[in-house]
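File shown: model11.cif. Contents: mmCIF, C-alpha atoms.
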```cif
data_work
#
loop_
_atom_site.label_atom_id
_atom_site.label_comp_id
_atom_site.auth_asym_id
_atom_site.auth_seq_id
_atom_site.Cartn_x
_atom_site.Cartn_y
_atom_site.Cartn_z
CA MET A 1 120.25 39.18 72.21
CA ALA A 2 122.49 36.41 71.05
CA ALA A 3 122.39 33.26 73.11
CA ALA A 4 125.30 33.00 75.50
CA ALA A 5 125.96 31.40 78.81
CA ASP A 6 123.09 32.49 81.02
CA THR A 7 124.79 31.38 84.20
CA PRO A 8 124.19 34.06 86.81
CA MET A 9 127.38 35.79 87.86
CA ARG A 10 128.02 37.18 91.30
CA ASP A 11 129.93 40.30 92.24
CA VAL A 12 133.58 39.27 92.14
CA THR A 13 136.91 40.69 93.14
CA GLU A 14 140.47 39.91 92.06
CA GLU A 15 141.01 38.10 95.37
CA ASP A 16 138.32 35.53 94.48
CA GLY A 17 140.95 33.77 92.35
CA LEU A 18 138.46 33.10 89.59
CA THR A 19 139.75 32.38 86.11
CA ASP A 20 139.17 34.77 83.23
CA THR A 21 136.61 32.35 81.83
CA ALA A 22 134.65 32.43 85.08
CA LEU A 23 134.66 36.24 84.89
CA GLY A 24 133.30 36.15 81.34
CA LEU A 25 136.66 37.19 79.91
CA GLY A 26 136.93 34.07 77.77
CA ARG A 27 134.12 35.42 75.60
CA ASP A 28 134.85 37.54 72.56
CA PRO A 29 132.68 40.66 72.06
CA SER A 30 133.92 40.93 68.46
CA ALA A 31 132.55 37.46 67.59
CA GLY A 32 129.08 38.15 68.97
CA GLU A 33 127.23 39.76 71.80
CA VAL A 34 128.58 38.97 75.26
CA ARG A 35 125.84 38.94 77.88
CA LEU A 36 126.79 40.29 81.28
CA PRO A 37 124.79 40.57 84.49
CA SER A 38 123.46 43.96 85.52
CA LEU A 39 125.91 44.32 88.38
CA PRO A 40 128.44 47.08 89.08
CA SER A 41 131.24 44.49 88.69
CA SER A 42 130.27 44.06 85.03
CA ALA A 43 131.80 47.45 84.25
CA ARG A 44 135.19 46.03 85.22
CA ILE A 45 134.61 42.94 83.12
CA ALA A 46 133.54 45.04 80.13
CA ARG A 47 136.62 47.26 80.52
CA ARG A 48 138.92 44.23 80.57
CA LEU A 49 137.22 42.62 77.57
CA THR A 50 137.49 45.88 75.62
CA GLY A 51 141.10 46.56 76.61
CA ARG A 52 142.26 43.07 75.70
CA LEU A 53 140.51 43.09 72.35
CA LEU A 54 141.64 46.56 71.26
CA GLN A 55 145.19 46.53 72.57
CA GLN A 56 146.30 42.91 72.58
CA ARG A 57 144.43 41.45 69.63
CA TRP A 58 143.82 44.40 67.33
CA MET A 59 146.98 46.24 68.51
CA LEU A 60 145.30 49.64 68.50
CA PRO A 61 147.06 52.67 69.98
CA PRO A 62 147.09 52.84 73.79
CA ASP A 63 145.39 56.25 73.91
CA LEU A 64 142.51 55.07 71.71
CA THR A 65 142.19 51.91 73.80
CA GLU A 66 142.18 53.90 77.04
CA GLU A 67 139.44 56.23 75.80
CA ALA A 68 137.33 53.34 74.46
CA VAL A 69 137.66 51.50 77.78
CA LEU A 70 136.49 54.63 79.64
CA LEU A 71 133.49 55.03 77.33
CA VAL A 72 132.55 51.34 77.62
CA SER A 73 132.51 51.80 81.38
CA GLU A 74 130.14 54.76 81.03
CA LEU A 75 127.70 52.92 78.75
CA VAL A 76 127.75 49.83 80.96
CA GLY A 77 127.22 51.99 84.04
CA ASN A 78 124.15 53.52 82.40
CA ALA A 79 122.77 50.10 81.46
CA VAL A 80 123.30 48.75 84.99
CA GLN A 81 121.90 51.83 86.71
CA HIS A 82 118.95 52.69 84.45
CA ALA A 83 117.82 49.71 82.36
CA GLY A 84 116.31 47.66 85.17
CA ALA A 85 117.20 44.34 83.51
CA ALA A 86 118.98 41.22 84.73
CA VAL A 87 121.47 41.26 81.84
CA PHE A 88 122.77 43.49 79.07
CA GLY A 89 124.87 42.80 75.99
CA LEU A 90 128.27 44.07 74.86
CA ARG A 91 129.50 43.86 71.29
CA ILE A 92 132.54 45.43 69.63
CA ARG A 93 132.90 45.66 65.88
CA ARG A 94 135.75 46.77 63.69
CA ARG A 95 135.75 47.93 60.12
CA ARG A 96 138.38 49.72 58.12
CA GLY A 97 139.29 52.88 60.01
CA TRP A 98 136.66 52.52 62.77
CA ILE A 99 135.67 50.64 65.88
CA ARG A 100 132.09 50.50 67.11
CA VAL A 101 131.08 49.55 70.66
CA GLU A 102 127.47 48.61 71.40
CA VAL A 103 125.71 48.09 74.73
CA ARG A 104 122.27 46.56 74.34
CA ASP A 105 119.59 46.40 77.03
CA PRO A 106 115.85 45.68 77.12
CA SER A 107 114.80 49.18 78.19
CA ARG A 108 113.39 51.51 75.54
CA ALA A 109 114.03 54.57 77.71
CA LEU A 110 116.42 56.83 75.84
CA PRO A 111 119.57 58.13 77.52
CA CYS A 112 119.77 61.86 77.83
CA LEU A 113 122.81 64.10 77.36
CA LEU A 114 122.62 66.50 80.28
CA PRO A 115 124.53 69.75 80.68
CA VAL A 116 127.51 69.25 82.95
CA ARG A 117 128.51 71.75 85.58
CA GLU A 118 131.91 71.96 87.25
CA MET A 119 130.51 70.77 90.56
CA ASP A 120 128.91 67.61 89.08
CA VAL A 121 131.19 64.83 90.26
CA ASP A 122 128.87 61.92 91.06
CA SER A 123 126.71 61.56 87.98
CA GLY A 124 125.67 63.09 84.71
CA ARG A 125 129.09 63.00 83.07
CA GLY A 126 128.81 59.61 81.30
CA LEU A 127 127.17 60.71 78.08
CA PHE A 128 129.08 63.99 78.21
CA LEU A 129 132.30 61.94 78.06
CA VAL A 130 130.91 59.78 75.26
CA ASP A 131 129.87 62.89 73.34
CA THR A 132 133.28 64.49 73.88
CA LEU A 133 135.60 61.53 73.19
CA ALA A 134 133.74 59.47 70.59
CA ASP A 135 133.63 60.52 66.95
CA ARG A 136 129.97 59.45 66.75
CA TRP A 137 127.45 57.99 69.14
CA GLY A 138 123.77 57.26 69.24
CA VAL A 139 120.92 55.04 70.29
CA ASP A 140 119.01 52.61 68.10
CA LEU A 141 115.56 51.60 69.31
CA LEU A 142 114.94 47.89 68.86
CA ALA A 143 111.80 45.77 69.14
CA ASP A 144 113.14 44.38 72.42
CA GLY A 145 114.97 47.40 73.84
CA LYS A 146 117.76 49.67 72.65
CA CYS A 147 121.37 49.65 71.57
CA THR A 148 123.52 52.55 72.77
CA TRP A 149 126.70 52.78 70.73
CA PHE A 150 129.75 54.86 70.00
CA GLU A 151 132.27 54.86 67.18
CA MET A 152 135.88 55.96 67.16
CA ARG A 153 138.24 56.46 64.26
CA VAL A 154 141.28 54.23 64.16
CA PRO A 155 144.18 56.39 62.96
CA GLY A 156 146.18 55.17 59.99
CA ARG A 157 144.21 51.96 59.51
#
```
How does the structure come out when it is put into structure tokens?
Amino acid sequence: MAAAADTPMRDVTEEDGLTDTALGLGRDPSAGEVRLPSLPSSARIARRLTGRLLQQRWMLPPDLTEEAVLLVSELVGNAVQHAGAAVFGLRIRRRRGWIRVEVRDPSRALPCLLPVREMDVDSGRGLFLVDTLADRWGVDLLADGKCTWFEMRVPGR
């Protein structure tokens, strides 16, 4: 993983009055991997980083941004819940007509797309959503873990 600030982050809320930089929001996941702590609050941070980049900087359509933000939350949730690591990495790339979101963690355990039943409300829907909303997704095994990613087409670009 790319070197980044390794300062441990605590679980934060809006009421803490912390700046965006303190929340990790001053980092740019399109410039390199942003390392986040394996805490449930990191899903919120990853959603905000993704939303700002896609909507404010790249000016992508709101519906595409909303779906990408949802899928980022699912991949981050999987990394936090299943990877068993202190940190994970988030990176977002853009090329003509596509965006690619990557969540990298040190676990080599592969995520599994499970069948979803109507009554499943607590878990098991994350990869189902990724599979349904993303144009492509997959997992790349790395020497030091894995990278779970999804790609979405950017209309008219």
Translate the PyMOL selection byres ((chain A and resi 35) around 6) into a concrete residue list for this structure, as a tab-separated table (two decimals) with C-alpha atoms, keeping the file's coordinate frame.
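Produced file expr.tsv, reproduced below:
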```tsv
chain	number	residue	atom	x	y	z
A	34	VAL	CA	128.58	38.97	75.26
A	36	LEU	CA	126.79	40.29	81.28
A	88	PHE	CA	122.77	43.49	79.07
A	89	GLY	CA	124.87	42.80	75.99
```
Neighbouring residues of Gly84 in chain A were defined as those with any atom within 9 Å, considering all atoms listed in the file; residues of the same chain fewer than 2 positions away were excluded. Please report them as a PyMOL selection string.
chain A and resi 38+79-82+86-87+105-107
Provide the CA of Asp144 in chain A to CA of Val103 in chain A distance in Å, to one decimal place.
13.3 Å
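Here CA of Leu75 in chain A and CA of Ser42 in chain A stand 11.2 Å from one another.
Interatomic distance, CA of Val76 in chain A to CA of Gly97 in chain A: 24.1 Å.
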I want to know what sits within 10 Å of Leu53 in chain A, based on all atoms listed in the file, with residues of the same chain fewer than 4 positions away left out; could you give that as a VMD selection string?
chain A and resid 28 to 30 47 to 49 57 to 60 65 92
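Among the candidate residues A:Ala83, A:Leu39, A:Leu129, A:Val101, the one lying nearest to Leu114 in chain A is A:Leu129, with distances computed using only C-alpha atoms.
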Since I can't run it myself right now, could you work out what the PyMOL selection byres ((chain A and resi 150) around 6) selects here and report it as a tab-separated table (two decimals) with C-alpha atoms, keeping the file's coordinate frame?
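Below you can see part_29.tsv, which holds the result:
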```tsv
chain	number	residue	atom	x	y	z
A	100	ARG	CA	132.09	50.50	67.11
A	101	VAL	CA	131.08	49.55	70.66
A	136	ARG	CA	129.97	59.45	66.75
A	137	TRP	CA	127.45	57.99	69.14
A	149	TRP	CA	126.70	52.78	70.73
A	151	GLU	CA	132.27	54.86	67.18
```
